[in-house]
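Everything below belongs to target.txt, which stores compact mmCIF, C-alpha atoms.
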# COMPACT_ATOMS: atom_id res chain seq x y z
CA MET A 1179 112.99 102.27 102.05
CA PHE A 1180 110.96 101.67 105.16
CA PRO A 1181 112.78 101.16 108.42
CA LEU A 1182 112.32 97.70 109.86
CA GLN A 1183 110.56 99.05 112.93
CA VAL A 1184 107.74 100.50 110.81
CA VAL A 1185 107.16 97.14 109.13
CA ASP A 1186 107.39 95.35 112.47
CA THR A 1187 104.82 97.59 114.16
CA PHE A 1188 102.52 97.14 111.16
CA LEU A 1189 102.76 93.35 111.31
CA LEU A 1190 102.23 93.24 115.07
CA GLU A 1191 98.77 94.76 114.68
CA TYR A 1192 97.69 92.50 111.80
CA ASN A 1193 98.30 88.91 110.80
CA VAL A 1194 100.33 87.86 107.78
CA GLY A 1195 97.22 87.09 105.74
CA GLN A 1196 95.94 90.62 106.12
CA ALA A 1197 99.33 92.01 105.08
CA LEU A 1198 99.37 89.74 102.02
CA LEU A 1199 95.83 90.80 101.16
CA LEU A 1200 96.88 94.45 101.34
CA GLY A 1201 99.84 93.66 99.08
CA PHE A 1202 97.51 91.91 96.63
CA ILE A 1203 95.12 94.87 96.52
CA LEU A 1204 97.97 97.35 96.04
CA SER A 1205 99.51 95.17 93.31
CA ILE A 1206 96.22 94.97 91.43
CA ALA A 1207 95.77 98.74 91.79
CA GLY A 1208 99.29 99.22 90.46
CA THR A 1209 98.63 97.13 87.36
CA LEU A 1210 95.31 98.76 86.46
CA PRO A 1211 96.90 101.73 84.62
CA LEU A 1212 98.51 99.23 82.24
CA LYS A 1213 95.00 98.17 81.09
CA SER A 1214 96.20 94.61 80.56
CA ARG A 1215 94.08 91.76 81.87
CA LYS A 1216 96.96 89.36 81.25
CA VAL A 1217 99.16 91.22 83.70
CA VAL A 1218 96.31 91.35 86.24
CA SER A 1219 95.81 87.61 85.83
CA LEU A 1220 99.52 86.91 86.34
CA VAL A 1221 99.52 88.98 89.53
CA THR A 1222 96.38 87.15 90.66
CA LEU A 1223 97.99 83.80 89.92
CA SER A 1224 101.16 84.67 91.81
CA PHE A 1225 99.24 85.82 94.87
CA GLY A 1226 97.10 82.69 94.68
CA VAL A 1227 100.27 80.63 94.94
CA ILE A 1228 101.55 82.81 97.79
CA PHE A 1229 98.30 82.40 99.72
CA MET A 1230 98.33 78.64 99.16
CA LEU A 1231 101.96 78.26 100.29
CA THR A 1232 101.68 80.43 103.40
CA PRO A 1233 101.85 78.19 106.48
CA GLN A 1234 98.55 77.82 108.30
CA SER A 1235 100.24 78.59 111.60
CA LEU A 1236 100.63 82.20 110.41
CA VAL A 1237 97.23 82.85 108.84
CA PRO A 1238 93.63 81.71 109.35
CA ILE A 1239 92.28 78.96 107.09
CA HIS A 1240 90.11 81.27 104.97
CA TYR A 1241 93.23 82.69 103.30
CA LEU A 1242 93.91 79.18 101.98
CA PHE A 1243 90.49 79.24 100.35
CA LEU A 1244 91.18 82.71 98.97
CA GLY A 1245 94.35 81.34 97.38
CA LEU A 1246 92.39 78.47 95.87
CA VAL A 1247 89.83 80.88 94.40
CA LEU A 1248 92.60 83.07 92.98
CA LEU A 1249 94.23 80.00 91.40
CA VAL A 1250 90.94 79.17 89.67
CA VAL A 1251 90.08 82.72 88.58
CA ALA A 1252 93.53 83.72 87.27
CA PRO A 1253 93.68 81.27 84.32
CA LEU A 1254 90.14 82.29 83.35
CA LEU A 1255 91.20 85.93 83.28
CA TYR A 1256 94.29 85.07 81.24
CA VAL A 1257 92.41 83.06 78.64
CA THR A 1258 89.68 85.66 78.18
CA ALA A 1259 92.13 88.57 77.94
CA GLU A 1260 92.65 90.13 74.55
CA ARG A 1261 95.89 91.93 75.40

When written as structure tokens, how does the structure in this file appear?
Amino acid sequence: MFPLQVVDTFLLEYNVGQALLLGFILSIAGTLPLKSRKVVSLVTLSFGVIFMLTPQSLVPIHYLFLGLVLLVVAPLLYVTAER
């Protein structure tokens, strides 16, 4: 477990959108060994919702558009996945 001060110093240097983007990239990297596009699409969908629901006072507007793109791409990945 990380101490709260480490997380706090990390978030002071970056905005919440950048921290969420890092979490998204790490989550996708974590699901790649499973070799399942359905799992990748579910992670993409969940982060799309998170990006869309994040208040605009915390992040720049382009993260809203990223969330919208992820919400469009995730169902396409899910439907085209074989397993």

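Nearest residue to A:Thr1222 among A:Val1194, A:Val1185, A:Leu1236, A:Leu1204 is A:Leu1204, counting all atoms listed in the file.
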
Please provide the set of residues having any atom within 10 Å of A:Leu1223, restricted to all atoms listed in the file, with same-chain residues fewer than 2 positions apart removed, written as an MDAnalysis selection string. chainID A and resid 1217:1221 1225:1229 1245:1253 1255:1256

Residues near A:Tyr1241, anyone? I mean within 9 Å using only C-alpha atoms, not counting same-chain ones fewer than 5 positions away, as a PyMOL selection string. chain A and resi 1195-1196+1199+1229-1230+1232+1234+1246

What does the distance from atom CA of A:Leu1198 to atom CA of A:Pro1238 come to in Å, to one decimal? 12.3 Å

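Here atom CA of A:Arg1215 is placed at a distance of 19.6 Å from atom CA of A:Leu1244.
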
Pairwise distance, atom CA of A:Val1184 with atom CA of A:Pro1211, equals 28.4 Å
